[in-house]
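To be precise, the following lines are target.txt, and they hold compact mmCIF, C-alpha atoms (C1' of nucleotides).
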```
# COMPACT_ATOMS: atom_id res chain seq x y z
CA MET A 201 108.68 131.24 121.11
CA MET A 202 105.65 130.38 123.18
CA GLY A 203 105.55 127.10 125.04
CA PHE A 204 102.53 124.89 125.10
CA TRP A 205 101.13 122.58 127.73
CA TYR A 206 99.59 119.40 126.63
CA ILE A 207 97.34 117.13 128.61
CA VAL A 208 97.39 113.56 127.38
CA ARG A 209 94.66 111.26 128.61
CA MET A 210 95.55 107.60 128.45
CA ASN A 211 93.12 104.74 128.12
CA THR A 212 94.85 102.03 130.12
CA GLU A 213 93.68 98.45 130.43
CA LEU A 214 93.26 97.63 134.10
CA PRO A 215 96.08 95.29 135.15
CA GLN A 216 95.49 92.09 137.08
CA SER A 217 96.80 93.79 140.23
CA PHE A 218 93.73 96.05 140.20
CA PHE A 219 91.55 93.02 140.80
CA GLN A 220 93.87 91.34 143.30
CA ARG A 221 92.34 93.21 146.23
CA PRO A 222 89.37 92.64 148.53
CA VAL A 223 86.16 92.67 146.53
CA LEU A 224 84.68 95.43 148.70
CA GLU A 225 87.52 97.70 147.54
CA VAL A 226 87.45 96.65 143.91
CA ALA A 227 83.69 97.01 143.46
CA PRO A 228 83.40 100.76 144.16
CA ASP A 229 86.66 101.40 142.32
CA LEU A 230 85.11 99.96 139.15
CA LEU A 231 82.58 102.80 139.04
CA GLY A 232 83.81 105.39 136.56
CA LYS A 233 85.90 102.83 134.71
CA TYR A 234 84.92 101.60 131.24
CA LEU A 235 83.81 98.16 130.17
CA VAL A 236 85.15 97.77 126.65
CA ARG A 237 83.89 95.24 124.14
CA THR A 238 84.99 94.29 120.66
CA HIS A 239 82.02 92.64 119.03
CA ASP A 240 81.34 92.04 115.35
CA GLY A 241 84.07 94.35 114.12
CA ALA A 242 83.44 97.34 116.37
CA GLU A 243 84.94 98.45 119.68
CA LYS A 244 82.59 100.10 122.14
CA ALA A 245 83.23 101.44 125.64
CA TYR A 246 80.58 101.71 128.34
CA LEU A 247 80.84 103.65 131.59
CA ILE A 248 80.39 101.31 134.56
CA THR A 249 77.59 102.76 136.69
CA ASP A 250 76.25 99.95 138.88
CA VAL A 251 77.97 96.93 140.46
CA GLU A 252 77.52 94.45 143.28
CA ALA A 253 80.12 92.65 145.40
CA TYR A 254 79.91 88.94 146.26
CA ASP A 255 82.33 88.05 148.99
CA GLY A 256 83.39 84.51 149.84
CA GLU A 257 81.79 81.32 151.10
CA THR A 258 80.32 82.96 154.19
CA ASP A 259 78.30 85.39 152.06
CA LEU A 260 75.06 83.45 151.60
CA ALA A 261 74.20 85.54 148.53
CA CYS A 262 77.42 84.44 146.82
CA HIS A 263 77.28 81.35 144.59
CA ALA A 264 80.42 80.15 146.36
CA SER A 265 78.44 79.77 149.58
CA LYS A 266 77.87 76.20 148.34
CA GLY A 267 81.62 75.70 148.13
CA ARG A 268 83.65 74.59 145.15
CA THR A 269 81.46 73.32 142.32
CA PRO A 270 82.07 73.18 138.57
CA ARG A 271 80.30 76.52 138.22
CA THR A 272 82.02 78.36 141.07
CA GLU A 273 85.51 77.01 140.35
CA VAL A 274 86.43 80.14 138.40
CA MET A 275 85.76 82.30 141.47
CA TYR A 276 88.40 80.33 143.33
CA GLY A 277 90.93 81.06 140.60
CA GLU A 278 93.06 84.09 139.85
CA ALA A 279 91.64 87.61 139.92
CA GLY A 280 90.88 89.35 136.66
CA TYR A 281 88.91 86.55 134.99
CA TRP A 282 85.30 86.60 133.83
CA TYR A 283 82.61 84.61 135.58
CA VAL A 284 79.58 84.42 133.28
CA TYR A 285 76.56 82.28 134.13
CA LEU A 286 73.00 81.79 132.93
CA ILE A 287 70.14 82.65 135.27
CA TYR A 288 66.50 81.68 134.94
CA GLY A 289 67.39 79.86 131.76
CA LEU A 290 67.38 83.18 129.94
CA HIS A 291 69.83 85.81 131.07
CA ASN A 292 73.61 85.87 131.09
CA ILE A 293 75.23 87.66 134.01
CA VAL A 294 78.82 88.89 133.90
CA ASN A 295 81.19 89.20 136.86
CA ILE A 296 84.89 89.86 137.31
CA VAL A 297 86.77 87.64 139.77
CA THR A 298 88.67 89.48 142.52
CA GLY A 299 91.01 88.87 145.43
CA ASP A 300 93.39 86.05 146.29
CA THR A 301 93.45 82.69 144.58
CA ASP A 302 91.35 80.19 146.58
CA TYR A 303 89.22 83.02 148.00
CA PRO A 304 85.98 83.10 145.96
CA ALA A 305 84.76 86.61 145.27
CA ALA A 306 83.53 88.59 142.29
CA VAL A 307 81.93 91.84 141.19
CA MET A 308 78.73 91.63 139.15
CA VAL A 309 78.17 94.29 136.49
CA ARG A 310 74.60 95.48 136.98
CA GLY A 311 74.59 98.61 134.83
CA VAL A 312 76.69 100.43 132.23
CA GLY A 313 75.87 103.82 130.76
CA ALA A 314 72.13 104.02 130.17
CA ILE A 315 71.79 100.24 130.26
CA ASP A 316 70.21 99.25 133.54
CA GLY A 317 70.08 95.58 134.53
CA PRO A 318 72.65 92.77 134.43
CA GLY A 319 70.75 90.77 131.80
CA ARG A 320 70.40 93.84 129.61
CA VAL A 321 74.10 94.63 129.92
CA THR A 322 75.16 91.24 128.58
CA LYS A 323 72.54 91.32 125.85
CA ALA A 324 73.62 94.79 124.67
CA LEU A 325 77.31 93.86 124.69
CA GLY A 326 76.90 90.40 123.20
CA ILE A 327 78.31 88.65 126.28
CA ASN A 328 77.58 84.98 126.89
CA ARG A 329 79.20 82.00 128.56
CA ASP A 330 81.81 81.73 125.83
CA LEU A 331 83.64 84.34 127.92
CA ASN A 332 83.36 82.37 131.16
CA THR A 333 86.81 81.69 132.70
CA LEU A 334 88.57 83.91 130.14
CA PRO A 335 90.72 86.84 131.34
CA ALA A 336 89.68 90.49 131.18
CA LYS A 337 92.19 91.31 128.47
CA LYS A 338 91.85 93.00 125.11
CA GLU A 339 92.68 89.70 123.43
CA THR A 340 89.45 88.13 124.71
CA GLY A 341 87.34 91.00 123.37
CA LEU A 342 86.12 92.10 126.81
CA TRP A 343 88.19 94.15 129.22
CA ILE A 344 88.07 97.17 131.54
CA GLU A 345 89.85 100.49 131.06
CA ASP A 346 90.77 103.45 133.20
CA ARG A 347 90.08 106.41 130.93
CA GLY A 348 91.45 108.98 133.33
CA TYR A 349 88.28 110.14 135.06
CA MET A 350 88.13 110.68 138.81
CA LEU A 351 85.04 110.52 141.00
CA THR A 352 84.16 112.81 143.85
CA LYS A 353 83.36 111.04 147.09
CA ASP A 354 79.65 111.87 146.90
CA ALA A 355 79.36 110.33 143.43
CA VAL A 356 78.84 106.85 144.89
CA VAL A 357 75.83 105.52 146.74
CA THR A 358 75.49 102.11 148.37
CA SER A 359 72.44 99.96 148.96
CA PRO A 360 71.50 96.30 149.51
CA ARG A 361 71.98 93.90 146.63
CA ILE A 362 69.05 93.02 144.38
CA GLY A 363 67.37 89.62 144.17
CA VAL A 364 69.08 87.94 147.11
CA ASP A 365 66.35 87.99 149.74
CA TYR A 366 67.01 84.32 150.47
CA ALA A 367 70.41 85.26 151.97
CA GLY A 368 69.14 86.38 155.36
CA GLU A 369 71.33 88.98 157.05
CA TRP A 370 73.67 88.95 154.06
CA ALA A 371 70.90 90.32 151.87
CA GLN A 372 70.94 93.52 153.88
CA LYS A 373 74.61 94.36 153.50
CA PRO A 374 75.10 97.53 151.41
CA TRP A 375 77.25 95.86 148.79
CA ARG A 376 75.62 97.45 145.74
CA PHE A 377 77.56 100.46 144.49
CA GLN A 378 76.12 102.96 142.02
CA LEU A 379 77.01 106.29 140.48
CA VAL A 380 74.39 108.87 141.45
CA ASP A 381 72.15 110.02 138.59
C1' DA B 247 51.34 89.67 138.70
C1' DC B 248 53.25 86.23 136.00
C1' DG B 249 55.37 83.18 132.61
C1' DA B 250 59.53 82.14 129.99
C1' DT B 251 63.37 78.74 129.99
C1' DG B 252 67.57 75.80 131.12
C1' DA B 253 71.59 75.17 134.11
C1' DT B 254 72.86 73.89 138.62
C1' DG B 255 73.38 71.30 142.81
C1' DA B 256 71.35 68.17 145.98
C1' DA B 257 68.51 64.36 146.97
C1' DC B 258 67.05 59.85 145.98
C1' DT C 16 67.18 60.54 137.27
C1' DT C 17 64.25 63.77 139.27
C1' DC C 18 63.45 68.01 141.72
C1' DA C 19 63.43 72.78 143.49
C1' DT C 20 65.68 76.80 142.87
C1' DC C 21 67.42 80.66 140.62
C1' DA C 22 72.51 87.47 141.50
C1' DT C 23 66.02 88.49 135.62
C1' DC C 24 63.11 90.55 132.09
C1' DG C 25 59.16 91.72 129.23
C1' DT C 26 54.44 92.01 128.98
C1' DA C 27 50.05 92.78 131.31
```

Translate the structure of the given file into structure tokens.
Amino acid sequence: MMGFWYIVRMNTELPQSFFQRPVLEVAPDLLGKYLVRTHDGAEKAYLITDVEAYDGETDLACHASKGRTPRTEVMYGEAGYWYVYLIYGLHNIVNIVTGDTDYPAAVMVRGVGAIDGPGRVTKALGINRDLNTLPAKKETGLWIEDRGYMLTKDAVVTSPRIGVDYAGEWAQKPWRFQLVD
DNA sequence: ACGATGATGAAC
DNA sequence: TTCATCATCGTA
């Protein structure tokens, strides 16, 4: 009787511990993971291709550079929660909170699959501020999965973050992480 | 190049 | 209560 090898690929929801690390570690690690959304009856998964890290009160590009405010409070909370805000009165932007409680940091999702642009991502996935402060768990309808894919080291490129020219030297830090085309 | 469009935080 | 600003996008 012949034996057979099986390879089983698991789709595992990222645990909170994944996010409880410095944002500059979490951000590149999110590339190659999947943003999964249940929206009007269907479940869809999108490869995360483009993210940016926002790191603490000293980072002048980070909303928490103004300290604790009603809006930034969620960034001071536990890792693994969504921070969704409206920009320019028009576009929702989605971030995942990272790191220790009381240390405000988050990763913005700038692109998934062929969808390029943080406002386009939220529009395509039906994400708005109803998700703000909710956890990245299947029960909220928006979570992140490891689907078993590995990246080679040269798959990731870094560059300065977009749209934060007001942040002086912080604007130049290479805290945008993308999968190469 | 520019207008849309409303929340946010700070000043008064 | 007013004001400037804003982690953007579509159209021109």

Q: Could you jot down the atom CA of Val294 of chain A to atom CA of Pro318 of chain A separation for me, Å, one decimal place?
A: 7.3 Å

Any chance you could tabulate, as a tab-separated table, the residues of chain A at most 10 Å from chain B with each one's nearest atom pair and distance in Å to one decimal, using only C-alpha atoms (C1' of nucleotides), in chain and rising number order?
```
residue	atom	partner	partner_atom	distance
A:Lys266	CA	B:DG255	C1'	8.6
A:Thr269	CA	B:DG255	C1'	8.3
A:Pro270	CA	B:DT254	C1'	9.2
A:Arg271	CA	B:DT254	C1'	7.9
A:Tyr285	CA	B:DA253	C1'	8.7
A:Leu286	CA	B:DA253	C1'	6.9
A:Ile287	CA	B:DA253	C1'	7.7
A:Tyr288	CA	B:DT251	C1'	6.6
A:Gly289	CA	B:DG252	C1'	4.1
A:Leu290	CA	B:DT251	C1'	6.0
A:His291	CA	B:DT251	C1'	9.6
```

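Coordinates place atom CA of Asp316 of chain A at a distance of 8.1 Å from atom CA of Asp250 of chain A.
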
Q) atom CA of Leu342 of chain A and atom CA of Ser217 of chain A are how many Å apart? A) 17.2 Å

With a distance threshold of 7 Å and counting all atoms listed in the file, extract the residues of chain C near chain A and express them as a PDB file with C-alpha atoms (C1' of nucleotides), in the frame of the given file.
```
ATOM      1  C1'  DC C  21      67.420  80.660 140.620  1.00  0.00           C
ATOM      2  C1'  DA C  22      72.510  87.470 141.500  1.00  0.00           C
ATOM      3  C1'  DT C  23      66.020  88.490 135.620  1.00  0.00           C
TER       4       DT C  23
END
```

Q: Just the residues within 7 Å of Val356 of chain A, please, counting only C-alpha atoms (C1' of nucleotides), with nothing from its chain fewer than 4 positions along; format it as a PyMOL selection string.
A: chain A and resi 377-380

How would you write as an mmCIF file with C-alpha atoms, keeping the file's coordinate frame the residues that get within 12 Å of (89.6, 98.8, 144.4) in the file's frame, counting only C-alpha atoms (C1' of nucleotides)?
```
data_model
loop_
_atom_site.group_PDB
_atom_site.id
_atom_site.type_symbol
_atom_site.label_atom_id
_atom_site.label_comp_id
_atom_site.auth_asym_id
_atom_site.auth_seq_id
_atom_site.Cartn_x
_atom_site.Cartn_y
_atom_site.Cartn_z
ATOM 1 C CA LEU A 214 93.260 97.630 134.100
ATOM 2 C CA PRO A 215 96.080 95.290 135.150
ATOM 3 C CA GLN A 216 95.490 92.090 137.080
ATOM 4 C CA SER A 217 96.800 93.790 140.230
ATOM 5 C CA PHE A 218 93.730 96.050 140.200
ATOM 6 C CA PHE A 219 91.550 93.020 140.800
ATOM 7 C CA GLN A 220 93.870 91.340 143.300
ATOM 8 C CA ARG A 221 92.340 93.210 146.230
ATOM 9 C CA PRO A 222 89.370 92.640 148.530
ATOM 10 C CA VAL A 223 86.160 92.670 146.530
ATOM 11 C CA LEU A 224 84.680 95.430 148.700
ATOM 12 C CA GLU A 225 87.520 97.700 147.540
ATOM 13 C CA VAL A 226 87.450 96.650 143.910
ATOM 14 C CA ALA A 227 83.690 97.010 143.460
ATOM 15 C CA PRO A 228 83.400 100.760 144.160
ATOM 16 C CA ASP A 229 86.660 101.400 142.320
ATOM 17 C CA LEU A 230 85.110 99.960 139.150
ATOM 18 C CA LEU A 231 82.580 102.800 139.040
ATOM 19 C CA GLY A 232 83.810 105.390 136.560
ATOM 20 C CA LYS A 233 85.900 102.830 134.710
ATOM 21 C CA ALA A 253 80.120 92.650 145.400
ATOM 22 C CA THR A 298 88.670 89.480 142.520
ATOM 23 C CA GLY A 299 91.010 88.870 145.430
ATOM 24 C CA VAL A 307 81.930 91.840 141.190
#
```

Fill-in result for segment 238-261 of chain A, N, CA, C and O atoms as a CSV table (one decimal), keeping the file's coordinate frame:
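Final output, saved to rebuild.csv:
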```csv
chain,number,residue,atom,x,y,z
A,238,THR,N,84.9,94.4,122.1
A,238,THR,CA,85.0,94.3,120.7
A,238,THR,C,84.1,93.2,120.2
A,238,THR,O,84.2,92.0,120.7
A,239,HIS,N,83.1,93.6,119.4
A,239,HIS,CA,82.0,92.6,119.0
A,239,HIS,C,81.6,92.9,117.6
A,239,HIS,O,81.5,94.1,117.2
A,240,ASP,N,81.5,91.9,116.8
A,240,ASP,CA,81.3,92.0,115.4
A,240,ASP,C,82.0,93.3,114.7
A,240,ASP,O,81.3,94.2,114.2
A,241,GLY,N,83.3,93.3,114.8
A,241,GLY,CA,84.1,94.4,114.1
A,241,GLY,C,84.2,95.7,114.8
A,241,GLY,O,85.1,96.5,114.4
A,242,ALA,N,83.4,96.0,115.8
A,242,ALA,CA,83.4,97.3,116.4
A,242,ALA,C,83.9,97.3,117.8
A,242,ALA,O,83.6,96.3,118.5
A,243,GLU,N,84.6,98.3,118.3
A,243,GLU,CA,84.9,98.4,119.7
A,243,GLU,C,84.1,99.5,120.3
A,243,GLU,O,84.0,100.6,119.8
A,244,LYS,N,83.4,99.1,121.4
A,244,LYS,CA,82.6,100.1,122.1
A,244,LYS,C,83.0,100.1,123.6
A,244,LYS,O,83.2,99.1,124.2
A,245,ALA,N,82.9,101.3,124.2
A,245,ALA,CA,83.2,101.4,125.6
A,245,ALA,C,82.0,101.9,126.4
A,245,ALA,O,81.3,102.8,125.9
A,246,TYR,N,81.8,101.4,127.5
A,246,TYR,CA,80.6,101.7,128.3
A,246,TYR,C,81.0,102.1,129.8
A,246,TYR,O,81.7,101.3,130.4
A,247,LEU,N,80.6,103.2,130.2
A,247,LEU,CA,80.8,103.6,131.6
A,247,LEU,C,80.2,102.7,132.6
A,247,LEU,O,79.0,102.4,132.5
A,248,ILE,N,80.9,102.2,133.5
A,248,ILE,CA,80.4,101.3,134.6
A,248,ILE,C,79.7,102.2,135.6
A,248,ILE,O,80.3,103.0,136.2
A,249,THR,N,78.4,101.9,135.8
A,249,THR,CA,77.6,102.8,136.7
A,249,THR,C,77.0,102.0,137.9
A,249,THR,O,76.5,102.7,138.8
A,250,ASP,N,77.0,100.7,137.9
A,250,ASP,CA,76.2,100.0,138.9
A,250,ASP,C,76.9,98.6,139.0
A,250,ASP,O,76.9,97.8,138.0
A,251,VAL,N,77.3,98.2,140.2
A,251,VAL,CA,78.0,96.9,140.5
A,251,VAL,C,77.5,96.4,141.8
A,251,VAL,O,77.0,97.1,142.7
A,252,GLU,N,77.8,95.1,142.0
A,252,GLU,CA,77.5,94.4,143.3
A,252,GLU,C,78.7,93.5,143.6
A,252,GLU,O,79.3,92.9,142.7
A,253,ALA,N,79.0,93.5,144.9
A,253,ALA,CA,80.1,92.6,145.4
A,253,ALA,C,79.6,91.4,146.0
A,253,ALA,O,78.6,91.4,146.7
A,254,TYR,N,80.2,90.2,145.7
A,254,TYR,CA,79.9,88.9,146.3
A,254,TYR,C,81.2,88.4,146.9
A,254,TYR,O,82.2,88.2,146.2
A,255,ASP,N,81.1,88.1,148.2
A,255,ASP,CA,82.3,88.0,149.0
A,255,ASP,C,82.5,86.7,149.8
A,255,ASP,O,82.2,86.7,151.0
A,256,GLY,N,82.9,85.7,149.1
A,256,GLY,CA,83.4,84.5,149.8
A,256,GLY,C,82.3,83.5,150.2
A,256,GLY,O,81.1,83.7,150.0
A,257,GLU,N,82.7,82.4,150.8
A,257,GLU,CA,81.8,81.3,151.1
A,257,GLU,C,80.8,81.7,152.2
A,257,GLU,O,79.7,81.1,152.3
A,258,THR,N,81.2,82.6,153.1
A,258,THR,CA,80.3,83.0,154.2
A,258,THR,C,79.2,83.9,153.7
A,258,THR,O,78.2,83.9,154.4
A,259,ASP,N,79.3,84.5,152.6
A,259,ASP,CA,78.3,85.4,152.1
A,259,ASP,C,77.2,84.5,151.4
A,259,ASP,O,77.4,83.9,150.3
A,260,LEU,N,76.1,84.4,152.1
A,260,LEU,CA,75.1,83.4,151.6
A,260,LEU,C,74.4,83.9,150.3
A,260,LEU,O,73.7,83.1,149.6
A,261,ALA,N,74.7,85.1,149.8
A,261,ALA,CA,74.2,85.5,148.5
A,261,ALA,C,75.2,85.2,147.4
A,261,ALA,O,74.8,85.2,146.2
```
